[in-house]
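What follows is the content of upload_24.txt, which has compact mmCIF, C-alpha atoms:
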```txt
# COMPACT_ATOMS: atom_id res chain seq x y z
CA MET E 1 23.64 -20.77 -6.67
CA ASN E 2 26.62 -21.71 -8.84
CA SER E 3 28.09 -25.02 -7.62
CA ASP E 4 31.40 -24.35 -9.40
CA LEU E 5 32.47 -21.36 -7.31
CA ASN E 6 36.22 -20.73 -7.49
CA GLN E 7 37.39 -21.53 -3.96
CA THR E 8 40.63 -19.52 -4.39
CA SER E 9 38.93 -16.25 -5.38
CA ALA E 10 38.14 -13.22 -3.24
CA TYR E 11 34.58 -11.99 -3.11
CA VAL E 12 32.51 -8.94 -2.24
CA VAL E 13 28.93 -8.68 -0.99
CA GLY E 14 26.41 -6.01 -1.91
CA LEU E 15 23.23 -5.44 0.11
CA ASP E 16 20.06 -3.62 -0.85
CA ALA E 17 18.10 -3.09 2.39
CA GLY E 18 14.77 -1.43 1.69
CA GLY E 19 11.44 -0.93 3.38
CA THR E 20 10.02 -4.25 2.14
CA ARG E 21 12.97 -6.65 1.88
CA THR E 22 16.73 -7.04 2.11
CA ARG E 23 18.64 -8.59 -0.77
CA ALA E 24 22.29 -9.73 -0.62
CA VAL E 25 24.47 -10.58 -3.63
CA LEU E 26 27.84 -12.35 -3.66
CA ALA E 27 30.19 -11.54 -6.56
CA PRO E 28 33.88 -11.88 -7.46
CA VAL E 29 36.01 -8.99 -6.28
CA ARG E 30 37.08 -7.80 -9.72
CA ASP E 31 34.35 -8.55 -12.25
CA GLY E 32 31.71 -11.06 -13.19
CA GLY E 33 28.07 -11.59 -12.38
CA PRO E 34 26.39 -12.65 -9.15
CA GLU E 35 27.37 -16.06 -7.79
CA GLY E 36 25.08 -16.15 -4.79
CA GLU E 37 21.89 -14.40 -3.69
CA GLY E 38 19.85 -14.26 -0.50
CA VAL E 39 16.73 -12.43 0.67
CA GLY E 40 15.63 -11.31 4.13
CA GLY E 41 13.01 -9.09 5.72
CA PRO E 42 12.77 -5.28 5.73
CA GLY E 43 16.00 -3.34 6.21
CA ASN E 44 15.05 0.28 6.89
CA ALA E 45 17.70 1.35 9.40
CA LEU E 46 15.43 3.88 11.12
CA THR E 47 12.17 1.95 11.40
CA VAL E 48 13.23 -1.69 11.89
CA PRO E 49 14.38 -2.43 15.48
CA GLY E 50 18.07 -3.28 15.77
CA ALA E 51 17.71 -6.95 16.74
CA GLN E 52 15.16 -7.54 13.99
CA LEU E 53 17.34 -5.73 11.44
CA THR E 54 20.26 -7.96 12.38
CA GLU E 55 18.12 -11.07 11.84
CA HIS E 56 16.98 -9.88 8.43
CA LEU E 57 20.59 -9.18 7.41
CA LEU E 58 21.63 -12.60 8.70
CA GLU E 59 18.95 -14.27 6.62
CA ALA E 60 19.98 -12.48 3.43
CA LEU E 61 23.72 -12.94 3.96
CA ALA E 62 23.42 -16.61 4.86
CA GLY E 63 21.51 -17.26 1.66
CA ALA E 64 24.04 -15.40 -0.49
CA VAL E 65 27.35 -16.57 0.95
CA PRO E 66 27.96 -20.32 1.40
CA GLU E 67 29.77 -21.25 4.57
CA GLY E 68 32.93 -22.33 2.75
CA LEU E 69 33.37 -18.89 1.16
CA ARG E 70 32.70 -16.67 4.15
CA GLY E 71 36.39 -16.33 4.91
CA ARG E 72 37.07 -15.08 1.37
CA VAL E 73 34.79 -12.02 1.50
CA VAL E 74 37.05 -8.95 1.42
CA ALA E 75 34.47 -6.13 1.28
CA VAL E 76 30.80 -5.57 2.08
CA ALA E 77 28.74 -2.55 1.04
CA GLY E 78 25.10 -2.00 1.94
CA GLY E 79 22.56 0.45 0.64
CA PHE E 80 20.07 1.04 3.46
CA ALA E 81 16.77 2.85 3.49
CA GLY E 82 16.90 5.30 6.38
CA ALA E 83 20.68 5.66 6.26
CA SER E 84 22.76 8.59 5.06
CA ARG E 85 26.45 9.42 4.64
CA THR E 86 25.94 13.07 5.59
CA ALA E 87 27.82 12.53 8.87
CA PRO E 88 29.67 9.65 10.56
CA ASP E 89 27.22 9.71 13.48
CA GLU E 90 24.05 9.95 11.38
CA PRO E 91 21.56 7.68 13.27
CA GLY E 92 20.51 5.47 10.37
CA ARG E 93 24.10 4.94 9.31
CA VAL E 94 25.16 4.06 12.85
CA ARG E 95 22.27 1.60 13.31
CA ALA E 96 22.86 -0.05 9.94
CA HIS E 97 26.59 -0.43 10.59
CA ALA E 98 25.97 -1.92 14.05
CA ALA E 99 23.43 -4.47 12.81
CA LEU E 100 25.52 -5.42 9.78
CA THR E 101 28.67 -5.83 11.87
CA VAL E 102 26.89 -8.22 14.25
CA ALA E 103 25.39 -10.21 11.37
CA LEU E 104 28.77 -10.57 9.66
CA ARG E 105 30.48 -11.62 12.87
CA ARG E 106 27.85 -14.27 13.59
CA LEU E 107 28.36 -15.73 10.13
CA GLY E 108 32.14 -15.68 10.37
CA ILE E 109 32.60 -13.05 7.67
CA GLY E 110 35.58 -11.13 9.02
CA THR E 111 36.23 -8.43 6.44
CA ASP E 112 37.46 -5.04 7.69
CA SER E 113 35.82 -3.20 4.78
CA VAL E 114 32.17 -2.58 5.72
CA GLU E 115 30.63 0.45 4.01
CA ILE E 116 27.15 1.88 4.66
CA HIS E 117 25.45 3.86 1.89
CA SER E 118 21.92 5.08 1.43
CA ASP E 119 19.61 2.91 -0.66
CA ILE E 120 19.46 5.79 -3.13
CA GLU E 121 23.23 5.78 -3.67
CA ALA E 122 23.22 2.02 -4.20
CA ALA E 123 20.33 2.20 -6.66
CA PHE E 124 22.03 4.97 -8.62
CA ALA E 125 25.25 2.94 -8.83
CA SER E 126 23.24 0.01 -10.26
CA ALA E 127 22.67 1.82 -13.56
CA PRO E 128 24.73 0.70 -16.57
CA GLY E 129 28.29 2.00 -16.29
CA HIS E 130 27.87 2.56 -12.53
CA PRO E 131 27.56 6.37 -12.86
CA SER E 132 28.90 8.75 -10.25
CA ASP E 133 26.77 11.86 -10.94
CA GLY E 134 23.13 12.56 -11.76
CA LEU E 135 19.63 12.22 -10.30
CA ALA E 136 18.06 9.24 -8.56
CA LEU E 137 14.33 8.64 -8.06
CA VAL E 138 12.93 5.90 -5.84
CA ALA E 139 9.22 5.06 -5.86
CA GLY E 140 8.37 1.92 -3.94
CA THR E 141 6.81 1.83 -0.50
CA GLY E 142 8.11 5.38 -0.06
CA ALA E 143 9.21 8.04 -2.53
CA VAL E 144 12.32 10.21 -2.71
CA ALA E 145 14.55 11.93 -5.24
CA ALA E 146 18.18 12.88 -4.77
CA ARG E 147 21.08 14.49 -6.55
CA VAL E 148 24.12 12.23 -6.53
CA THR E 149 27.59 13.79 -6.82
CA SER E 150 30.70 11.61 -6.76
CA ARG E 151 28.46 8.69 -5.73
CA ALA E 152 27.14 10.49 -2.64
CA CYS E 153 23.71 12.07 -2.14
CA THR E 154 24.16 15.82 -1.81
CA THR E 155 20.56 17.06 -2.09
CA THR E 156 17.30 15.29 -1.29
CA ALA E 157 13.63 15.96 -2.04
CA GLY E 158 10.94 13.90 -0.34
CA GLY E 159 11.69 10.66 1.48
CA ASP E 160 10.40 11.92 4.83
CA GLY E 161 8.65 8.69 5.77
CA TRP E 162 5.03 7.58 5.82
CA LEU E 163 3.98 9.95 8.59
CA LEU E 164 5.48 13.17 7.23
CA GLY E 165 5.95 12.65 3.51
CA ASP E 166 6.71 10.04 0.83
CA ASP E 167 3.81 11.45 -1.19
CA GLY E 168 3.33 9.47 -4.38
CA GLY E 169 4.84 6.26 -3.01
CA GLY E 170 3.13 2.94 -2.43
CA PHE E 171 2.04 3.76 1.12
CA TRP E 172 0.56 7.06 0.00
CA ILE E 173 -1.32 5.36 -2.86
CA GLY E 174 -2.66 2.65 -0.58
CA ARG E 175 -3.75 5.19 2.03
CA GLU E 176 -5.53 7.21 -0.64
CA ALA E 177 -7.38 4.07 -1.75
CA VAL E 178 -8.73 3.55 1.79
CA ARG E 179 -9.51 7.24 2.30
CA LEU E 180 -11.53 7.46 -0.91
CA ALA E 181 -13.31 4.17 -0.21
CA LEU E 182 -14.39 5.61 3.15
CA ARG E 183 -15.49 8.85 1.49
CA MET E 184 -17.64 6.88 -0.91
CA ALA E 185 -19.15 5.05 2.05
CA ASP E 186 -20.05 8.16 4.03
CA GLY E 187 -21.37 10.03 1.00
CA ARG E 188 -18.56 12.57 0.53
CA GLY E 189 -16.88 10.91 -2.46
CA GLY E 190 -17.71 9.56 -5.87
CA PRO E 191 -18.26 5.90 -6.73
CA THR E 192 -15.18 3.73 -7.14
CA ALA E 193 -14.44 0.03 -7.46
CA LEU E 194 -11.81 0.54 -4.77
CA ALA E 195 -14.48 0.37 -2.06
CA ALA E 196 -15.15 -3.27 -2.92
CA SER E 197 -11.56 -4.33 -3.71
CA VAL E 198 -10.10 -2.67 -0.61
CA GLY E 199 -12.85 -4.18 1.54
CA ARG E 200 -12.26 -7.69 0.22
CA THR E 201 -8.49 -7.41 0.69
CA LEU E 202 -9.03 -6.38 4.32
CA ASP E 203 -11.59 -9.17 4.94
CA VAL E 204 -14.64 -6.95 5.25
CA PRO E 205 -17.73 -9.23 5.17
CA GLU E 206 -19.12 -9.67 1.68
CA ASP E 207 -22.66 -8.76 2.70
CA VAL E 208 -21.70 -5.16 3.58
CA LEU E 209 -19.63 -4.45 0.47
CA PRO E 210 -21.10 -2.26 -2.28
CA GLY E 211 -22.98 -4.27 -4.88
CA GLU E 212 -21.44 -4.49 -8.34
CA ALA E 213 -22.79 -4.36 -11.85
CA PRO E 214 -22.10 -7.37 -14.16
CA GLY E 215 -18.85 -5.80 -15.42
CA PRO E 216 -16.72 -5.32 -12.28
CA TYR E 217 -15.33 -1.95 -13.36
CA ASP E 218 -18.07 -0.74 -15.68
CA ALA E 219 -20.04 0.52 -12.66
CA PRO E 220 -18.68 0.39 -9.12
CA TYR E 221 -22.03 -0.42 -7.56
CA GLU E 222 -25.68 -0.59 -8.42
CA ALA E 223 -27.45 2.65 -7.63
CA GLY E 224 -29.35 2.42 -4.40
CA SER E 225 -28.10 -1.07 -3.54
CA TRP E 226 -25.54 0.13 -1.00
CA THR E 227 -27.87 1.19 1.78
CA ARG E 228 -26.86 3.57 4.56
CA ALA E 229 -26.92 0.71 7.07
CA ARG E 230 -24.54 -1.37 4.94
CA ARG E 231 -22.24 1.61 4.45
CA GLU E 232 -22.05 2.15 8.21
CA ALA E 233 -21.31 -1.54 8.72
CA TYR E 234 -18.61 -1.32 6.02
CA ARG E 235 -16.92 1.55 7.84
CA MET E 236 -17.12 -0.21 11.19
CA HIS E 237 -15.35 -3.25 9.73
CA LEU E 238 -12.83 -1.42 7.54
CA LEU E 239 -11.43 1.00 10.12
CA PRO E 240 -10.37 -1.63 12.70
CA ALA E 241 -8.90 -3.78 9.93
CA VAL E 242 -6.67 -0.90 8.85
CA MET E 243 -5.70 0.14 12.37
CA ALA E 244 -4.71 -3.41 13.30
CA ARG E 245 -2.00 -3.48 10.63
CA SER E 246 1.36 -1.76 10.46
CA PRO E 247 0.84 1.64 8.81
CA VAL E 248 3.26 0.91 5.95
CA ALA E 249 1.25 -2.23 5.15
CA LEU E 250 -1.14 0.09 3.34
CA ALA E 251 1.41 0.00 0.50
CA GLU E 252 0.12 -3.50 -0.24
CA LEU E 253 -3.09 -1.90 -1.52
CA ALA E 254 -1.32 0.06 -4.27
CA PRO E 255 -1.79 -2.72 -6.87
CA LEU E 256 -5.55 -2.47 -6.36
CA VAL E 257 -5.38 1.16 -7.48
CA ALA E 258 -3.32 0.25 -10.55
CA GLU E 259 -5.78 -2.50 -11.48
CA ALA E 260 -8.81 -0.25 -11.09
CA ALA E 261 -7.14 2.50 -13.12
CA ARG E 262 -6.46 0.04 -15.95
CA HIS E 263 -10.21 -0.52 -16.06
CA GLU E 264 -10.88 3.23 -16.28
CA ASP E 265 -11.97 3.78 -12.70
CA ALA E 266 -11.86 7.57 -12.50
CA VAL E 267 -11.06 7.74 -8.77
CA ALA E 268 -8.16 5.29 -9.08
CA ALA E 269 -6.82 7.08 -12.16
CA GLY E 270 -6.93 10.34 -10.21
CA ILE E 271 -4.83 8.82 -7.43
CA LEU E 272 -2.14 7.74 -9.90
CA ASP E 273 -2.17 11.11 -11.67
CA THR E 274 -1.60 12.90 -8.37
CA ALA E 275 1.13 10.42 -7.43
CA ALA E 276 2.94 11.15 -10.70
CA ASP E 277 2.62 14.88 -9.98
CA HIS E 278 4.29 14.35 -6.59
CA LEU E 279 7.20 12.43 -8.15
CA THR E 280 7.63 15.13 -10.78
CA GLY E 281 7.72 17.71 -8.01
CA TYR E 282 10.58 15.88 -6.30
CA VAL E 283 12.61 15.91 -9.50
CA ARG E 284 11.85 19.56 -10.22
CA ALA E 285 12.97 20.52 -6.71
CA LEU E 286 16.47 19.28 -7.58
CA GLU E 287 16.73 21.79 -10.46
CA PRO E 288 17.54 19.20 -13.15
CA ARG E 289 19.45 20.06 -16.30
CA SER E 290 18.07 18.96 -19.66
CA GLY E 291 19.62 15.66 -20.68
CA GLU E 292 20.75 14.83 -17.15
CA ARG E 293 20.62 11.17 -16.22
CA VAL E 294 17.68 10.10 -14.02
CA VAL E 295 18.09 6.63 -12.53
CA ALA E 296 14.76 5.27 -11.28
CA THR E 297 13.95 2.26 -9.14
CA GLY E 298 11.05 0.84 -7.17
CA GLY E 299 8.04 -1.21 -8.16
CA LEU E 300 5.97 1.82 -9.16
CA LEU E 301 8.48 2.79 -11.85
CA GLY E 302 9.47 -0.56 -13.35
CA PRO E 303 8.68 -1.75 -16.88
CA ASP E 304 5.14 -2.53 -15.75
CA GLY E 305 4.95 0.11 -13.03
CA PRO E 306 1.73 2.14 -12.92
CA LEU E 307 3.59 5.47 -12.65
CA THR E 308 6.18 4.89 -15.39
CA GLU E 309 4.13 6.22 -18.29
CA PRO E 310 2.56 9.27 -16.59
CA LEU E 311 5.91 10.26 -15.09
CA THR E 312 7.69 9.84 -18.43
CA VAL E 313 5.16 12.19 -20.02
CA ARG E 314 5.72 14.79 -17.28
CA LEU E 315 9.52 14.64 -17.46
CA ARG E 316 9.74 14.86 -21.25
CA PRO E 317 9.28 18.67 -21.39
CA LEU E 318 12.19 18.94 -18.94
CA GLY E 319 14.46 17.03 -21.32
CA LEU E 320 14.64 14.09 -18.92
CA THR E 321 14.19 10.34 -19.42
CA LEU E 322 14.12 7.50 -16.91
CA ASP E 323 16.87 4.88 -16.69
CA TRP E 324 15.28 2.08 -14.63
CA VAL E 325 17.10 -0.44 -12.41
CA ALA E 326 15.53 -3.35 -10.53
CA ASP E 327 17.12 -2.56 -7.15
CA GLY E 328 20.34 -1.38 -5.52
CA SER E 329 22.01 -4.72 -4.84
CA TRP E 330 24.20 -4.67 -7.94
CA GLY E 331 25.12 -1.05 -7.28
CA ALA E 332 26.15 -2.07 -3.76
CA VAL E 333 28.40 -4.72 -5.32
CA ALA E 334 30.01 -2.00 -7.45
CA LEU E 335 30.52 0.18 -4.36
CA ALA E 336 32.08 -2.75 -2.48
CA ARG E 337 34.48 -3.35 -5.36
CA LEU E 338 35.45 0.32 -5.34
CA ALA E 339 36.27 0.05 -1.64
CA VAL E 340 38.79 -2.77 -2.18
```
Can I see the file as structure tokens?
Amino acid sequence: MNSDLNQTSAYVVGLDAGGTRTRAVLAPVRDGGPEGEGVGGPGNALTVPGAQLTEHLLEALAGAVPEGLRGRVVAVAGGFAGASRTAPDEPGRVRAHAALTVALRRLGIGTDSVEIHSDIEAAFASAPGHPSDGLALVAGTGAVAARVTSRACTTTAGGDGWLLGDDGGGFWIGREAVRLALRMADGRGGPTALAASVGRTLDVPEDVLPGEAPGPYDAPYEAGSWTRARREAYRMHLLPAVMARSPVALAELAPLVAEAARHEDAVAAGILDTAADHLTGYVRALEPRSGERVVATGGLLGPDGPLTEPLTVRLRPLGLTLDWVADGSWGAVALARLAV
């Protein structure tokens, strides 16, 4: 944090509250870069209980705003997963506003300007020039696309959560990795290195994992070495390990799929291809116009994201290119400045 903060200045705070973490950024009210940053736990307004959401916001805000400057914050804007501006009483928006208000009060940040946006709107506003119109695509733990008009989401495709949708997101990819590992074990699926890597990540005993050839991805297992008894033992260990975790924790397995695909594992590559198809479907559902701006965010679509290249190839015939941003925190700062 900058130790030479101007004590006479006014400041704004932008929050990016997603399914994995909450990030807060302190910035001068008019212009200039970030002068304080803080990180807290998950901030999905629909899935994180209210008291826990408040604590995560407190953690992020306390890290971003030093105590001596808390009285100089004039506006706060947050982009929350699970929140929407479709109606004043929309549940996610109400929950986010309640938790944020409590967190601000407990820290002594008394601004009257507290705006709740969706995480999609904040991410879109993070693009260079802080655009007001175009398409946004988020592919992290979940997956959703939206049309943004005058900085507000007007049409959405996907984003229905891990139980009902979010196909192509990190949770979906991780779940597919487990499903196909189990299919390999019970004899319904083809060989894949994911059976071993998923098992190790979930602490399945080494002696029941599929055996491997000298090159870890050249051959997923030695023919005949994974006996039926070991496969049954693998399943009996893997299933409880998955069920004992939060469902969305399956998103943590997505990097295993990306790693296996880089080593030409056909099953893993198929998962990523299907994920890219799902993301393309979200964009197509919004009836994009050739040349229209598509702002993308989320770990799956970053510079090193496993879906960036296959999605770029699929969008090119539509006359669309991706404009990637790291997260929505800087867009939230821009929205807070607009509110002043």
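Rounded to one decimal, CA of Leu180 in chain E and CA of Gly19 in chain E lie 24.8 Å from each other.
Distances here use all atoms listed in the file; by that measure, the residue among E:Val29, E:Leu209, E:Met243, E:Leu194 closest to Ser9 in chain E is E:Val29.
One finds CA of Ala136 in chain E at 16.2 Å from CA of Asp167 in chain E.
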Subject >> Coordinates-based distance that separates CA of His56 in chain E from CA of Gly159 in chain E (Å, one decimal) >> reply: 22.3 Å
Subject >> Residue neighbourhood Gly36 in chain E, 9 Å, all atoms listed in the file, exclusion window fewer than 3 positions, as JSON, numbers by chain >> reply: {"E": [1, 2, 24, 25, 26, 27, 63, 64, 65, 66]}
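Of the residues listed (E:Ala146, E:Leu311, E:Ala98, E:Ala268), E:Ala268 shows the shortest atom-to-atom separation from Pro191 in chain E; distances use only C-alpha atoms.
The shell of residues at most 12 Å from Ala266 in chain E, with only C-alpha atoms counted and near chain neighbours (fewer than 2 positions) removed, consists of Leu180, Gly189, Gly190, Pro191, Thr192, Ala193, Leu194, Tyr217, Asp218, Ala219, Pro220, Val257, Ala258, Glu259, Ala260, Ala261, Arg262, His263, Glu264, Ala268, Ala269, Gly270, Ile271, Leu272 and Asp273 of chain E.
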Long-range neighbours of Asp119 in chain E as a CSV table (one decimal) with C-alpha atoms, keeping the file's coordinate frame, 10 Å cut-off, only C-alpha atoms, 4 positions minimum in chain:
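New file part35.csv:
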```csv
chain,number,residue,atom,x,y,z
E,15,LEU,CA,23.2,-5.4,0.1
E,16,ASP,CA,20.1,-3.6,-0.8
E,17,ALA,CA,18.1,-3.1,2.4
E,18,GLY,CA,14.8,-1.4,1.7
E,19,GLY,CA,11.4,-0.9,3.4
E,43,GLY,CA,16.0,-3.3,6.2
E,44,ASN,CA,15.0,0.3,6.9
E,78,GLY,CA,25.1,-2.0,1.9
E,79,GLY,CA,22.6,0.4,0.6
E,80,PHE,CA,20.1,1.0,3.5
E,81,ALA,CA,16.8,2.8,3.5
E,82,GLY,CA,16.9,5.3,6.4
E,83,ALA,CA,20.7,5.7,6.3
E,84,SER,CA,22.8,8.6,5.1
E,123,ALA,CA,20.3,2.2,-6.7
E,124,PHE,CA,22.0,5.0,-8.6
E,125,ALA,CA,25.2,2.9,-8.8
E,138,VAL,CA,12.9,5.9,-5.8
E,327,ASP,CA,17.1,-2.6,-7.2
E,328,GLY,CA,20.3,-1.4,-5.5
E,329,SER,CA,22.0,-4.7,-4.8
E,331,GLY,CA,25.1,-1.0,-7.3
E,332,ALA,CA,26.2,-2.1,-3.8
```
**OP:** List every protein, DNA or RNA residue that has an atom no more than 10 Å from (19.2, 15.0, -16.1) in the file's coordinate frame, counting only C-alpha atoms, and report them as a PyMOL selection string.
**Re:** chain E and resi 133-136+147+283+286-295+315+318-322
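Take the candidates E:His237, E:Arg30, E:Arg70, E:Arg337 and check each one against Leu107 in chain E using all atoms listed in the file; the shortest distance goes to E:Arg70.
Using all atoms listed in the file, the nearest neighbour of Leu239 in chain E within the list E:Ala181, E:Val13, E:Ala285, E:Ala296 is E:Ala181.
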Taking the structure in the block just given, could you write range 178-193 of chain E with N, CA, C and O atoms, as a compact mmCIF listing (two decimals), in the first residue's frame?
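Output saved as selection.txt:
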```
# COMPACT_ATOMS: atom_id res chain seq x y z
N VAL E 178 -14.16 -35.81 -12.76
CA VAL E 178 -14.50 -36.89 -11.83
C VAL E 178 -15.41 -37.91 -12.50
O VAL E 178 -15.21 -39.13 -12.36
N ARG E 179 -16.41 -37.43 -13.24
CA ARG E 179 -17.34 -38.34 -13.90
C ARG E 179 -16.61 -39.29 -14.85
O ARG E 179 -16.88 -40.50 -14.89
N LEU E 180 -15.68 -38.75 -15.63
CA LEU E 180 -15.00 -39.57 -16.62
C LEU E 180 -13.95 -40.47 -15.97
O LEU E 180 -13.64 -41.55 -16.50
N ALA E 181 -13.40 -40.03 -14.84
CA ALA E 181 -12.51 -40.92 -14.09
C ALA E 181 -13.30 -42.12 -13.56
O ALA E 181 -12.83 -43.27 -13.62
N LEU E 182 -14.50 -41.87 -13.06
CA LEU E 182 -15.34 -42.96 -12.56
C LEU E 182 -15.78 -43.89 -13.69
O LEU E 182 -15.88 -45.11 -13.51
N ARG E 183 -16.04 -43.31 -14.86
CA ARG E 183 -16.43 -44.15 -16.00
C ARG E 183 -15.28 -45.05 -16.44
O ARG E 183 -15.48 -46.20 -16.82
N MET E 184 -14.07 -44.51 -16.38
CA MET E 184 -12.91 -45.34 -16.70
C MET E 184 -12.81 -46.49 -15.69
O MET E 184 -12.55 -47.65 -16.04
N ALA E 185 -13.08 -46.17 -14.43
CA ALA E 185 -12.96 -47.19 -13.38
C ALA E 185 -13.99 -48.29 -13.52
O ALA E 185 -13.68 -49.48 -13.30
N ASP E 186 -15.22 -47.95 -13.91
CA ASP E 186 -16.24 -49.00 -13.98
C ASP E 186 -16.34 -49.64 -15.36
O ASP E 186 -17.19 -50.50 -15.59
N GLY E 187 -15.49 -49.21 -16.27
CA GLY E 187 -15.42 -49.87 -17.58
C GLY E 187 -16.28 -49.25 -18.65
O GLY E 187 -16.35 -49.77 -19.76
N ARG E 188 -16.92 -48.11 -18.38
CA ARG E 188 -17.78 -47.47 -19.38
C ARG E 188 -17.06 -46.39 -20.19
O ARG E 188 -17.59 -45.92 -21.19
N GLY E 189 -15.87 -45.99 -19.77
CA GLY E 189 -15.17 -44.90 -20.43
C GLY E 189 -13.77 -45.27 -20.84
O GLY E 189 -13.19 -46.26 -20.37
N GLY E 190 -13.21 -44.44 -21.71
CA GLY E 190 -11.86 -44.69 -22.19
C GLY E 190 -10.80 -44.30 -21.18
O GLY E 190 -11.07 -43.63 -20.19
N PRO E 191 -9.56 -44.73 -21.43
CA PRO E 191 -8.46 -44.44 -20.51
C PRO E 191 -8.11 -42.95 -20.50
O PRO E 191 -8.13 -42.28 -21.53
N THR E 192 -7.81 -42.45 -19.33
CA THR E 192 -7.43 -41.04 -19.18
C THR E 192 -6.53 -40.87 -17.97
O THR E 192 -6.72 -41.54 -16.93
N ALA E 193 -5.56 -39.99 -18.08
CA ALA E 193 -4.68 -39.67 -16.96
C ALA E 193 -5.43 -38.99 -15.83
O ALA E 193 -4.93 -38.90 -14.71
```
